[in-house]
>>> print(open('upload_21.pdb').read())   # PDB, C-alpha atoms
ATOM      1  CA  MET A   1     103.970  55.281 114.370
ATOM      2  CA  ILE A   2     103.811  58.771 115.810
ATOM      3  CA  ASP A   3     101.150  61.259 114.820
ATOM      4  CA  TYR A   4     101.664  64.959 114.252
ATOM      5  CA  MET A   5      99.437  67.617 115.755
ATOM      6  CA  PHE A   6      98.533  70.608 113.634
ATOM      7  CA  LYS A   7      96.492  73.548 114.814
ATOM      8  CA  PRO A   8      94.421  76.015 112.802
ATOM      9  CA  ILE A   9      96.164  79.376 112.335
ATOM     10  CA  GLY A  10      93.091  81.070 110.857
ATOM     11  CA  ILE A  11      89.734  80.643 109.156
ATOM     12  CA  ILE A  12      88.883  80.929 105.454
ATOM     13  CA  ARG A  13      85.608  82.755 104.687
ATOM     14  CA  THR A  14      83.984  82.296 101.295
ATOM     15  CA  PRO A  15      80.584  82.389  99.574
ATOM     16  CA  HIS A  16      80.640  78.559  99.329
ATOM     17  CA  VAL A  17      78.397  76.853 101.849
ATOM     18  CA  GLU A  18      77.414  73.709  99.939
ATOM     19  CA  THR A  19      79.928  71.200  98.642
ATOM     20  CA  SER A  20      77.728  70.577  95.591
ATOM     21  CA  GLN A  21      77.954  74.263  94.580
ATOM     22  CA  THR A  22      81.664  74.771  95.232
ATOM     23  CA  PRO A  23      84.074  74.786  92.272
ATOM     24  CA  ILE A  24      86.703  72.056  92.561
ATOM     25  CA  GLN A  25      89.734  74.287  91.868
ATOM     26  CA  PRO A  26      90.619  78.006  91.725
ATOM     27  CA  VAL A  27      90.793  77.890  87.899
ATOM     28  CA  PHE A  28      87.053  77.133  87.917
ATOM     29  CA  ALA A  29      86.396  79.861  90.508
ATOM     30  CA  LYS A  30      87.711  82.915  88.642
ATOM     31  CA  GLY A  31      86.793  86.155  90.377
ATOM     32  CA  ILE A  32      85.056  84.538  93.357
ATOM     33  CA  PRO A  33      86.141  86.565  96.402
ATOM     34  CA  GLY A  34      86.920  85.462  99.917
ATOM     35  CA  THR A  35      88.890  86.445 102.993
ATOM     36  CA  VAL A  36      91.373  84.690 105.219
ATOM     37  CA  GLU A  37      91.328  85.659 108.878
ATOM     38  CA  VAL A  38      94.755  84.890 110.316
ATOM     39  CA  PHE A  39      94.596  84.644 114.092
ATOM     40  CA  PRO A  40      96.222  87.750 115.656
ATOM     41  CA  GLU A  41      99.095  85.839 117.284
ATOM     42  CA  TYR A  42     100.437  84.991 113.786
ATOM     43  CA  VAL A  43     100.181  88.458 112.239
ATOM     44  CA  ASP A  44     103.964  89.057 112.354
ATOM     45  CA  GLY A  45     104.327  86.125 109.965
ATOM     46  CA  LEU A  46     102.524  88.128 107.250
ATOM     47  CA  MET A  47     105.296  90.747 106.861
ATOM     48  CA  ASP A  48     106.057  91.325 103.129
ATOM     49  CA  LEU A  49     103.415  88.847 101.983
ATOM     50  CA  ASP A  50     101.445  91.728 100.401
ATOM     51  CA  LYS A  51     104.027  91.967  97.590
ATOM     52  CA  PHE A  52     103.068  88.543  96.229
ATOM     53  CA  SER A  53     100.258  88.214  93.687
ATOM     54  CA  HIS A  54      99.423  84.559  94.393
ATOM     55  CA  LEU A  55      99.487  82.316  97.465
ATOM     56  CA  TYR A  56      99.203  78.679  98.313
ATOM     57  CA  LEU A  57      96.652  78.189 101.042
ATOM     58  CA  LEU A  58      97.006  74.904 102.913
ATOM     59  CA  TYR A  59      93.902  73.963 104.843
ATOM     60  CA  TYR A  60      92.096  71.152 106.563
ATOM     61  CA  PHE A  61      89.237  69.429 104.697
ATOM     62  CA  ASN A  62      87.084  69.508 107.827
ATOM     63  CA  ARG A  63      83.945  68.275 106.085
ATOM     64  CA  ALA A  64      85.580  65.177 104.578
ATOM     65  CA  LYS A  65      84.877  62.547 107.178
ATOM     66  CA  GLU A  66      85.786  59.388 105.273
ATOM     67  CA  THR A  67      89.081  58.217 103.828
ATOM     68  CA  LYS A  68      88.888  56.512 100.432
ATOM     69  CA  LEU A  69      91.900  55.115  98.577
ATOM     70  CA  LYS A  70      90.084  55.047  95.209
ATOM     71  CA  VAL A  71      87.717  57.788  94.111
ATOM     72  CA  LYS A  72      85.815  59.030  91.083
ATOM     73  CA  PRO A  73      86.887  62.668  90.740
ATOM     74  CA  TYR A  74      84.368  65.333  89.726
ATOM     75  CA  LEU A  75      85.875  65.717  86.264
ATOM     76  CA  GLU A  76      85.479  62.075  85.300
ATOM     77  CA  ASP A  77      83.453  58.936  86.006
ATOM     78  CA  GLU A  78      86.462  56.628  86.295
ATOM     79  CA  LEU A  79      88.057  55.390  89.500
ATOM     80  CA  HIS A  80      91.579  56.620  90.292
ATOM     81  CA  GLY A  81      93.874  56.284  93.261
ATOM     82  CA  ILE A  82      93.287  59.139  95.716
ATOM     83  CA  PHE A  83      96.918  60.286  95.269
ATOM     84  CA  ALA A  84      96.286  60.671  91.514
ATOM     85  CA  THR A  85      93.467  63.132  92.317
ATOM     86  CA  ARG A  86      92.937  66.270  94.383
ATOM     87  CA  ALA A  87      89.799  64.861  96.077
ATOM     88  CA  PRO A  88      89.390  65.571  99.818
ATOM     89  CA  HIS A  89      88.988  62.014 101.142
ATOM     90  CA  ARG A  90      92.729  61.530 101.671
ATOM     91  CA  PRO A  91      94.490  59.768 104.540
ATOM     92  CA  ASN A  92      95.706  63.208 105.717
ATOM     93  CA  LYS A  93      92.991  65.682 104.780
ATOM     94  CA  ILE A  94      95.180  68.579 103.655
ATOM     95  CA  GLY A  95      93.962  70.719 100.769
ATOM     96  CA  ILE A  96      96.004  73.185  98.733
ATOM     97  CA  SER A  97      94.707  76.015  96.532
ATOM     98  CA  VAL A  98      96.597  78.673  94.589
ATOM     99  CA  VAL A  99      94.571  81.883  95.065
ATOM    100  CA  LYS A 100      95.072  85.509  94.045
ATOM    101  CA  LEU A 101      96.001  87.930  96.822
ATOM    102  CA  LEU A 102      94.281  91.326  96.446
ATOM    103  CA  LYS A 103      95.326  93.085  99.662
ATOM    104  CA  ILE A 104      96.065  92.576 103.344
ATOM    105  CA  GLU A 105      94.449  94.634 106.123
ATOM    106  CA  LYS A 106      96.106  93.791 109.437
ATOM    107  CA  ASN A 107      95.274  90.091 109.896
ATOM    108  CA  ILE A 108      92.722  89.853 107.064
ATOM    109  CA  LEU A 109      93.768  88.695 103.589
ATOM    110  CA  HIS A 110      91.435  89.589 100.732
ATOM    111  CA  ILE A 111      91.671  86.893  98.085
ATOM    112  CA  GLU A 112      90.111  85.863  94.768
ATOM    113  CA  ASP A 113      89.582  82.652  92.759
ATOM    114  CA  VAL A 114      88.329  80.846  95.824
ATOM    115  CA  ASP A 115      87.303  77.174  95.651
ATOM    116  CA  ILE A 116      87.218  76.579  99.406
ATOM    117  CA  LEU A 117      84.213  75.978 101.661
ATOM    118  CA  ASN A 118      83.242  78.710 104.122
ATOM    119  CA  GLY A 119      84.666  78.150 107.591
ATOM    120  CA  THR A 120      87.569  75.963 106.469
ATOM    121  CA  PRO A 121      90.449  75.937 108.995
ATOM    122  CA  LEU A 122      93.707  77.384 107.652
ATOM    123  CA  LEU A 123      96.939  75.445 108.288
ATOM    124  CA  ASP A 124      99.571  77.411 106.362
ATOM    125  CA  ILE A 125     100.202  80.133 103.802
ATOM    126  CA  LYS A 126     103.098  79.935 101.361
ATOM    127  CA  PRO A 127     103.957  82.427  98.639
ATOM    128  CA  TYR A 128     103.501  81.153  95.081
ATOM    129  CA  ILE A 129     106.893  81.809  93.491
ATOM    130  CA  ALA A 130     107.166  81.560  89.717
ATOM    131  CA  ARG A 131     110.810  80.422  89.985
ATOM    132  CA  PHE A 132     109.869  77.511  92.270
ATOM    133  CA  ASP A 133     106.387  76.477  91.238
ATOM    134  CA  THR A 134     105.981  76.495  87.468
ATOM    135  CA  ARG A 135     106.963  73.484  85.407
ATOM    136  CA  ASP A 136     107.260  73.006  81.657
ATOM    137  CA  GLU A 137     106.512  69.796  79.814
ATOM    138  CA  VAL A 138     104.049  68.492  82.352
ATOM    139  CA  ARG A 139     102.151  65.254  81.707
ATOM    140  CA  SER A 140      98.982  65.142  83.782
ATOM    141  CA  GLY A 141      97.763  61.550  83.301
ATOM    142  CA  TRP A 142      93.987  61.104  83.163
ATOM    143  CA  GLN A 143      93.562  64.877  83.407
ATOM    144  CA  ASP A 144      95.109  65.295  79.945
ATOM    145  CA  GLU A 145      92.264  63.240  78.441
ATOM    146  CA  ILE A 146      89.641  65.730  79.558
ATOM    147  CA  GLN A 147      88.718  68.532  77.177
ATOM    148  CA  ASP A 148      88.897  72.073  78.571
ATOM    149  CA  ASP A 149      85.199  72.763  78.032
ATOM    150  CA  THR A 150      84.177  69.564  79.805
ATOM    151  CA  ALA A 151      86.551  70.382  82.664
ATOM    152  CA  ASP A 152      85.102  73.877  82.897
ATOM    153  CA  VAL A 153      81.489  72.679  83.142
ATOM    154  CA  ARG A 154      82.201  69.840  85.568
ATOM    155  CA  GLY A 155      84.825  71.758  87.548
ATOM    156  CA  LYS A 156      82.403  74.556  88.450
ATOM    157  CA  LYS A 157      79.900  72.003  89.785
ATOM    158  CA  ASP A 158      76.583  73.760  90.499
ATOM    159  CA  TYR A 159      78.124  77.103  91.444
ATOM    160  CA  LYS A 160      75.644  79.960  90.942
ATOM    161  CA  GLU A 161      76.746  83.582  91.168
TER     162      GLU A 161
ATOM    163  CA  MET B   1      90.775  75.495 119.469
ATOM    164  CA  ILE B   2      90.905  71.913 118.289
ATOM    165  CA  ASP B   3      94.020  70.324 116.886
ATOM    166  CA  TYR B   4      94.203  67.956 113.950
ATOM    167  CA  MET B   5      96.115  64.703 113.980
ATOM    168  CA  PHE B   6      98.060  63.699 110.908
ATOM    169  CA  LYS B   7      99.967  60.487 110.484
ATOM    170  CA  PRO B   8     102.865  59.655 108.201
ATOM    171  CA  ILE B   9     101.826  57.644 105.129
ATOM    172  CA  GLY B  10     105.399  56.934 104.041
ATOM    173  CA  ILE B  11     109.049  57.947 104.249
ATOM    174  CA  ILE B  12     111.106  60.000 101.783
ATOM    175  CA  ARG B  13     114.641  58.725 101.161
ATOM    176  CA  THR B  14     117.220  61.052  99.655
ATOM    177  CA  PRO B  15     120.987  61.676  99.531
ATOM    178  CA  HIS B  16     120.522  64.718 101.809
ATOM    179  CA  VAL B  17     121.571  64.092 105.397
ATOM    180  CA  GLU B  18     122.719  67.569 106.426
ATOM    181  CA  THR B  19     120.471  70.619 106.319
ATOM    182  CA  SER B  20     123.430  72.786 105.346
ATOM    183  CA  GLN B  21     124.018  70.700 102.196
ATOM    184  CA  THR B  22     120.402  70.349 101.098
ATOM    185  CA  PRO B  23     119.134  72.542  98.252
ATOM    186  CA  ILE B  24     116.232  74.747  99.332
ATOM    187  CA  GLN B  25     113.919  73.911  96.430
ATOM    188  CA  PRO B  26     113.598  71.308  93.642
ATOM    189  CA  VAL B  27     114.677  73.892  91.036
ATOM    190  CA  PHE B  28     118.074  73.969  92.753
ATOM    191  CA  ALA B  29     118.180  70.155  93.000
ATOM    192  CA  LYS B  30     117.939  69.235  89.298
ATOM    193  CA  GLY B  31     118.645  65.563  88.725
ATOM    194  CA  ILE B  32     119.098  64.635  92.383
ATOM    195  CA  PRO B  33     117.354  61.269  92.811
ATOM    196  CA  GLY B  34     115.311  59.941  95.697
ATOM    197  CA  THR B  35     112.608  57.448  96.535
ATOM    198  CA  VAL B  36     109.322  57.624  98.374
ATOM    199  CA  GLU B  37     108.279  54.539 100.293
ATOM    200  CA  VAL B  38     104.501  54.607 100.641
ATOM    201  CA  PHE B  39     103.375  52.330 103.462
ATOM    202  CA  PRO B  40     101.724  49.194 102.007
ATOM    203  CA  GLU B  41      98.271  49.957 103.419
ATOM    204  CA  TYR B  42      98.041  53.016 101.107
ATOM    205  CA  VAL B  43      99.236  51.370  97.890
ATOM    206  CA  ASP B  44      95.728  51.325  96.341
ATOM    207  CA  GLY B  45      95.809  55.121  96.458
ATOM    208  CA  LEU B  46      98.641  55.134  93.890
ATOM    209  CA  MET B  47      96.507  53.771  91.023
ATOM    210  CA  ASP B  48      97.094  55.835  87.830
ATOM    211  CA  LEU B  49      99.640  58.104  89.504
ATOM    212  CA  ASP B  50     102.365  56.712  87.207
ATOM    213  CA  LYS B  51     100.895  58.670  84.273
ATOM    214  CA  PHE B  52     101.823  62.008  85.847
ATOM    215  CA  SER B  53     105.249  63.551  85.228
ATOM    216  CA  HIS B  54     105.333  65.744  88.359
ATOM    217  CA  LEU B  55     103.980  65.432  91.892
ATOM    218  CA  TYR B  56     103.504  67.595  94.923
ATOM    219  CA  LEU B  57     104.939  65.886  97.966
ATOM    220  CA  LEU B  58     103.570  67.199 101.255
ATOM    221  CA  TYR B  59     105.719  66.281 104.209
ATOM    222  CA  TYR B  60     106.489  67.059 107.817
ATOM    223  CA  PHE B  61     109.563  69.193 108.574
ATOM    224  CA  ASN B  62     110.558  66.848 111.393
ATOM    225  CA  ARG B  63     113.927  68.516 112.012
ATOM    226  CA  ALA B  64     112.494  72.026 112.440
ATOM    227  CA  LYS B  65     111.953  72.235 116.174
ATOM    228  CA  GLU B  66     111.342  75.966 116.585
ATOM    229  CA  THR B  67     108.601  78.199 115.276
ATOM    230  CA  LYS B  68     109.679  81.652 114.088
ATOM    231  CA  LEU B  69     107.303  84.277 112.713
ATOM    232  CA  LYS B  70     110.088  86.260 111.036
ATOM    233  CA  VAL B  71     113.016  84.619 109.290
ATOM    234  CA  LYS B  72     115.934  85.399 107.035
ATOM    235  CA  PRO B  73     115.488  83.022 104.092
ATOM    236  CA  TYR B  74     118.505  81.338 102.491
ATOM    237  CA  LEU B  75     118.292  83.474  99.365
ATOM    238  CA  GLU B  76     118.529  86.785 101.173
ATOM    239  CA  ASP B  77     119.808  88.455 104.341
ATOM    240  CA  GLU B  78     116.604  90.394 105.065
ATOM    241  CA  LEU B  79     113.893  89.454 107.547
ATOM    242  CA  HIS B  80     110.503  88.458 106.140
ATOM    243  CA  GLY B  81     107.331  87.067 107.641
ATOM    244  CA  ILE B  82     107.450  83.257 107.686
ATOM    245  CA  PHE B  83     104.337  83.137 105.435
ATOM    246  CA  ALA B  84     106.203  85.192 102.806
ATOM    247  CA  THR B  85     108.892  82.473 102.704
ATOM    248  CA  ARG B  86     109.108  78.711 102.295
ATOM    249  CA  ALA B  87     111.303  78.265 105.383
ATOM    250  CA  PRO B  88     110.554  75.274 107.642
ATOM    251  CA  HIS B  89     110.052  77.042 110.987
ATOM    252  CA  ARG B  90     106.312  77.537 110.429
ATOM    253  CA  PRO B  91     103.496  77.239 112.971
ATOM    254  CA  ASN B  92     102.401  74.036 111.157
ATOM    255  CA  LYS B  93     105.555  72.432 109.806
ATOM    256  CA  ILE B  94     104.235  71.256 106.450
ATOM    257  CA  GLY B  95     106.589  71.358 103.459
ATOM    258  CA  ILE B  96     105.663  71.064  99.794
ATOM    259  CA  SER B  97     107.954  70.204  96.889
ATOM    260  CA  VAL B  98     107.161  69.674  93.216
ATOM    261  CA  VAL B  99     109.302  66.709  92.137
ATOM    262  CA  LYS B 100     109.636  64.699  88.935
ATOM    263  CA  LEU B 101     108.158  61.197  88.977
ATOM    264  CA  LEU B 102     110.313  58.677  87.097
ATOM    265  CA  LYS B 103     108.495  55.407  87.830
ATOM    266  CA  ILE B 104     106.519  53.502  90.434
ATOM    267  CA  GLU B 105     107.374  49.955  91.557
ATOM    268  CA  LYS B 106     104.658  48.667  93.859
ATOM    269  CA  ASN B 107     104.816  51.044  96.835
ATOM    270  CA  ILE B 108     108.105  52.722  95.868
ATOM    271  CA  LEU B 109     108.119  55.962  93.867
ATOM    272  CA  HIS B 110     111.358  56.843  92.099
ATOM    273  CA  ILE B 111     111.653  60.622  91.952
ATOM    274  CA  GLU B 112     114.085  63.330  90.831
ATOM    275  CA  ASP B 113     114.828  67.004  91.687
ATOM    276  CA  VAL B 114     114.755  66.221  95.388
ATOM    277  CA  ASP B 115     115.314  68.975  97.965
ATOM    278  CA  ILE B 116     114.097  66.973 100.969
ATOM    279  CA  LEU B 117     116.088  65.598 103.896
ATOM    280  CA  ASN B 118     116.532  61.837 104.153
ATOM    281  CA  GLY B 119     113.978  60.182 106.434
ATOM    282  CA  THR B 120     111.356  62.924 106.118
ATOM    283  CA  PRO B 121     107.840  61.678 106.936
ATOM    284  CA  LEU B 122     105.405  61.855 104.000
ATOM    285  CA  LEU B 123     101.927  63.311 104.621
ATOM    286  CA  ASP B 124     100.346  63.403 101.175
ATOM    287  CA  ILE B 125     100.947  63.092  97.442
ATOM    288  CA  LYS B 126      99.018  65.185  94.929
ATOM    289  CA  PRO B 127      99.418  65.169  91.159
ATOM    290  CA  TYR B 128     100.858  68.372  89.670
ATOM    291  CA  ILE B 129      98.297  69.320  87.044
ATOM    292  CA  ALA B 130      99.249  71.986  84.503
ATOM    293  CA  ARG B 131      95.616  73.139  84.235
ATOM    294  CA  PHE B 132      95.352  73.712  87.995
ATOM    295  CA  ASP B 133      98.835  74.729  89.091
ATOM    296  CA  THR B 134     100.445  77.099  86.613
ATOM    297  CA  ARG B 135      99.815  80.835  86.819
ATOM    298  CA  ASP B 136     100.721  83.641  84.437
ATOM    299  CA  GLU B 137     101.607  87.154  85.503
ATOM    300  CA  VAL B 138     102.924  86.190  88.897
ATOM    301  CA  ARG B 139     104.511  88.803  91.159
ATOM    302  CA  SER B 140     106.777  87.155  93.712
ATOM    303  CA  GLY B 141     107.622  90.029  96.094
ATOM    304  CA  TRP B 142     111.158  89.980  97.523
ATOM    305  CA  GLN B 143     111.941  86.921  95.390
ATOM    306  CA  ASP B 144     111.676  89.032  92.237
ATOM    307  CA  GLU B 145     114.586  91.195  93.448
ATOM    308  CA  ILE B 146     116.974  88.258  93.491
ATOM    309  CA  GLN B 147     118.970  87.561  90.335
ATOM    310  CA  ASP B 148     118.778  84.026  88.964
ATOM    311  CA  ASP B 149     122.495  83.383  89.360
ATOM    312  CA  THR B 150     122.468  84.518  92.987
ATOM    313  CA  ALA B 151     119.413  82.353  93.642
ATOM    314  CA  ASP B 152     121.136  79.398  92.026
ATOM    315  CA  VAL B 153     124.268  79.676  94.157
ATOM    316  CA  ARG B 154     122.474  80.346  97.426
ATOM    317  CA  GLY B 155     119.586  77.958  96.701
ATOM    318  CA  LYS B 156     121.899  74.962  96.323
ATOM    319  CA  LYS B 157     123.499  75.730  99.699
ATOM    320  CA  ASP B 158     126.584  73.542 100.180
ATOM    321  CA  TYR B 159     125.271  70.594  98.169
ATOM    322  CA  LYS B 160     128.106  68.463  96.769
ATOM    323  CA  GLU B 161     127.456  65.764  94.214
TER     324      GLU B 161
END
>>> encode(input="upload_21.pdb", output="structure tokens")
Amino acid sequence: MIDYMFKPIGIIRTPHVETSQTPIQPVFAKGIPGTVEVFPEYVDGLMDLDKFSHLYLLYYFNRAKETKLKVKPYLEDELHGIFATRAPHRPNKIGISVVKLLKIEKNILHIEDVDILNGTPLLDIKPYIARFDTRDEVRSGWQDEIQDDTADVRGKKDYKE
Amino acid sequence: MIDYMFKPIGIIRTPHVETSQTPIQPVFAKGIPGTVEVFPEYVDGLMDLDKFSHLYLLYYFNRAKETKLKVKPYLEDELHGIFATRAPHRPNKIGISVVKLLKIEKNILHIEDVDILNGTPLLDIKPYIARFDTRDEVRSGWQDEIQDDTADVRGKKDYKE
């Protein structure tokens, strides 16, 4: 079975240096700022991106060393298959976050709602497009059992402003 | 700069064999069925996934040989930066699609709304979670200029049932 080689196209810089203090998703990281440095050779790829309010960042979970097929996610103490969670210990350690885009200065993106560890290697940027990416009548399995206030407390982990 | 190795964890099977007849996004592929074969060694990772109605599939654009930093997307005849589009010719050729999950039989996922070419290598599966993945007040740049009916015609490309 062939492998695929991916290379970092930038670096994500954030206030989060400890996993234990990093919110698990952008919705639990409201207002937390960060920047994305896109390496200069890719700057032409950013043309017209500044007109989008939200982006998907795809990145490499470089601190997740192990692969686990069953995990207890942060929001719950029950085991689930890794593909039924967003936990980092996946066979291919690709993370996705939907963040707010504030502005772009040359090759630097200023972003908000950042749940990503400082120094995380960037793999791709895609525009979040309402027409493509919103779904109605979504059932979210074990996630639907978790109350919003519980999710909010557990989802922020030990983040301190 | 180090590279990262990713390996396929499965294969996506769909009715789409020609790029020119493959819808560009799941929203233009309503009802089109497909299956995902997850390789048996990863089947434990699927536990509890069957309770989710929608999934992100992350996959490798294995037919996109070139990298282009500016592209004309299918919906429009204007050039945009690759990161302001969802086109496949990206520096790291990772695609994402939000598809409907119908059922899981052992290591086979039956899915719908499939915009992916037959034989595409699967990299990851993540649950679509309403709490994490929907955004209000989204501005979608050049996409917002395109009328829904134009998007629908161009987004389906030459797909024939």
>>> residues_near_point(input="upload_21.pdb", point="(84.1, 78.7, 84.9)", cutoff="7 Å", atoms="all atoms listed in the file", output="short mmCIF file (atom, residue, chain, number, x, y, z; two decimals) with C-alpha atoms, keeping the file's coordinate frame")
data_model
loop_
_atom_site.label_atom_id
_atom_site.label_comp_id
_atom_site.auth_asym_id
_atom_site.auth_seq_id
_atom_site.Cartn_x
_atom_site.Cartn_y
_atom_site.Cartn_z
CA PHE A 28 87.05 77.13 87.92
CA ALA A 29 86.40 79.86 90.51
CA LYS A 30 87.71 82.92 88.64
CA ASP A 152 85.10 73.88 82.90
CA VAL A 153 81.49 72.68 83.14
CA LYS A 156 82.40 74.56 88.45
#
>>> residues_around(input="upload_21.pdb", residues="segment 115-120 of chain A", least_positions_apart="3", cutoff="7 Å", atoms="all atoms listed in the file", output="PyMOL selection string")
chain A and resi 11-17+22-26+29+59-62
>>> interface_residues(input="upload_21.pdb", of="chain B", to="chain A", cutoff="6 Å", atoms="all atoms listed in the file", output="mmCIF file with C-alpha atoms, keeping the file's coordinate frame")
data_model
loop_
_atom_site.group_PDB
_atom_site.id
_atom_site.type_symbol
_atom_site.label_atom_id
_atom_site.label_comp_id
_atom_site.auth_asym_id
_atom_site.auth_seq_id
_atom_site.Cartn_x
_atom_site.Cartn_y
_atom_site.Cartn_z
ATOM 1 C CA ASP B 3 94.020 70.324 116.886
ATOM 2 C CA TYR B 4 94.203 67.956 113.950
ATOM 3 C CA MET B 5 96.115 64.703 113.980
ATOM 4 C CA PHE B 6 98.060 63.699 110.908
ATOM 5 C CA LYS B 7 99.967 60.487 110.484
ATOM 6 C CA ASP B 44 95.728 51.325 96.341
ATOM 7 C CA GLY B 45 95.809 55.121 96.458
ATOM 8 C CA LEU B 46 98.641 55.134 93.890
ATOM 9 C CA MET B 47 96.507 53.771 91.023
ATOM 10 C CA LEU B 49 99.640 58.104 89.504
ATOM 11 C CA LYS B 51 100.895 58.670 84.273
ATOM 12 C CA PHE B 52 101.823 62.008 85.847
ATOM 13 C CA SER B 53 105.249 63.551 85.228
ATOM 14 C CA LEU B 69 107.303 84.277 112.713
ATOM 15 C CA LYS B 70 110.088 86.260 111.036
ATOM 16 C CA HIS B 80 110.503 88.458 106.140
ATOM 17 C CA GLY B 81 107.331 87.067 107.641
ATOM 18 C CA ILE B 82 107.450 83.257 107.686
ATOM 19 C CA PHE B 83 104.337 83.137 105.435
ATOM 20 C CA ALA B 84 106.203 85.192 102.806
ATOM 21 C CA ASN B 92 102.401 74.036 111.157
ATOM 22 C CA ILE B 125 100.947 63.092 97.442
ATOM 23 C CA LYS B 126 99.018 65.185 94.929
ATOM 24 C CA PRO B 127 99.418 65.169 91.159
ATOM 25 C CA ILE B 129 98.297 69.320 87.044
ATOM 26 C CA THR B 134 100.445 77.099 86.613
ATOM 27 C CA VAL B 138 102.924 86.190 88.897
ATOM 28 C CA ARG B 139 104.511 88.803 91.159
ATOM 29 C CA SER B 140 106.777 87.155 93.712
ATOM 30 C CA GLY B 141 107.622 90.029 96.094
#
>>> atom_distance(input="upload_21.pdb", atom1="atom CA of Pro73 of chain A", atom2="atom CA of Gln21 of chain A")
15.1 Å
>>> axis_aligned_box(input="upload_21.pdb", around="segment 48-64 of chain B", padding_each_side="3 Å", output="AutoDock Vina command-line options")
--center_x 105.5 --center_y 63.9 --center_z 98.4 --size_x 22.8 --size_y 22.2 --size_z 34.2
>>> atom_distance(input="upload_21.pdb", atom1="atom CA of Tyr74 of chain B", atom2="atom CA of Ile146 of chain B")
11.5 Å
>>> closest_residue(input="upload_21.pdb", among="B:Asp77, B:Asp158, B:Asp149, B:Glu37", to="Asn107 of chain B", atoms="only C-alpha atoms")
B:Glu37
>>> closest_residue(input="upload_21.pdb", among="A:Glu18, A:Glu76, A:Glu105, A:Asp113", to="Thr150 of chain A", atoms="all atoms listed in the file")
A:Glu76
>>> resolve_selection(input="upload_21.pdb", expression="the PyMOL selection byres ((chain B and resi 111) around 9)", output="list in words")
Ile32, Pro33, Gly34, Thr35, Val36, His54, Val99, Lys100, Leu101, Leu102, Lys103, Ile104, Leu109, His110, Glu112, Asp113 and Val114 of chain B
>>> atom_distance(input="upload_21.pdb", atom1="atom CA of Phe39 of chain A", atom2="atom CA of Ile108 of chain A")
8.9 Å
>>> closest_residue(input="upload_21.pdb", among="A:His89, A:Val38, A:Gln147, A:Gly155", to="Lys106 of chain A", atoms="only C-alpha atoms")
A:Val38
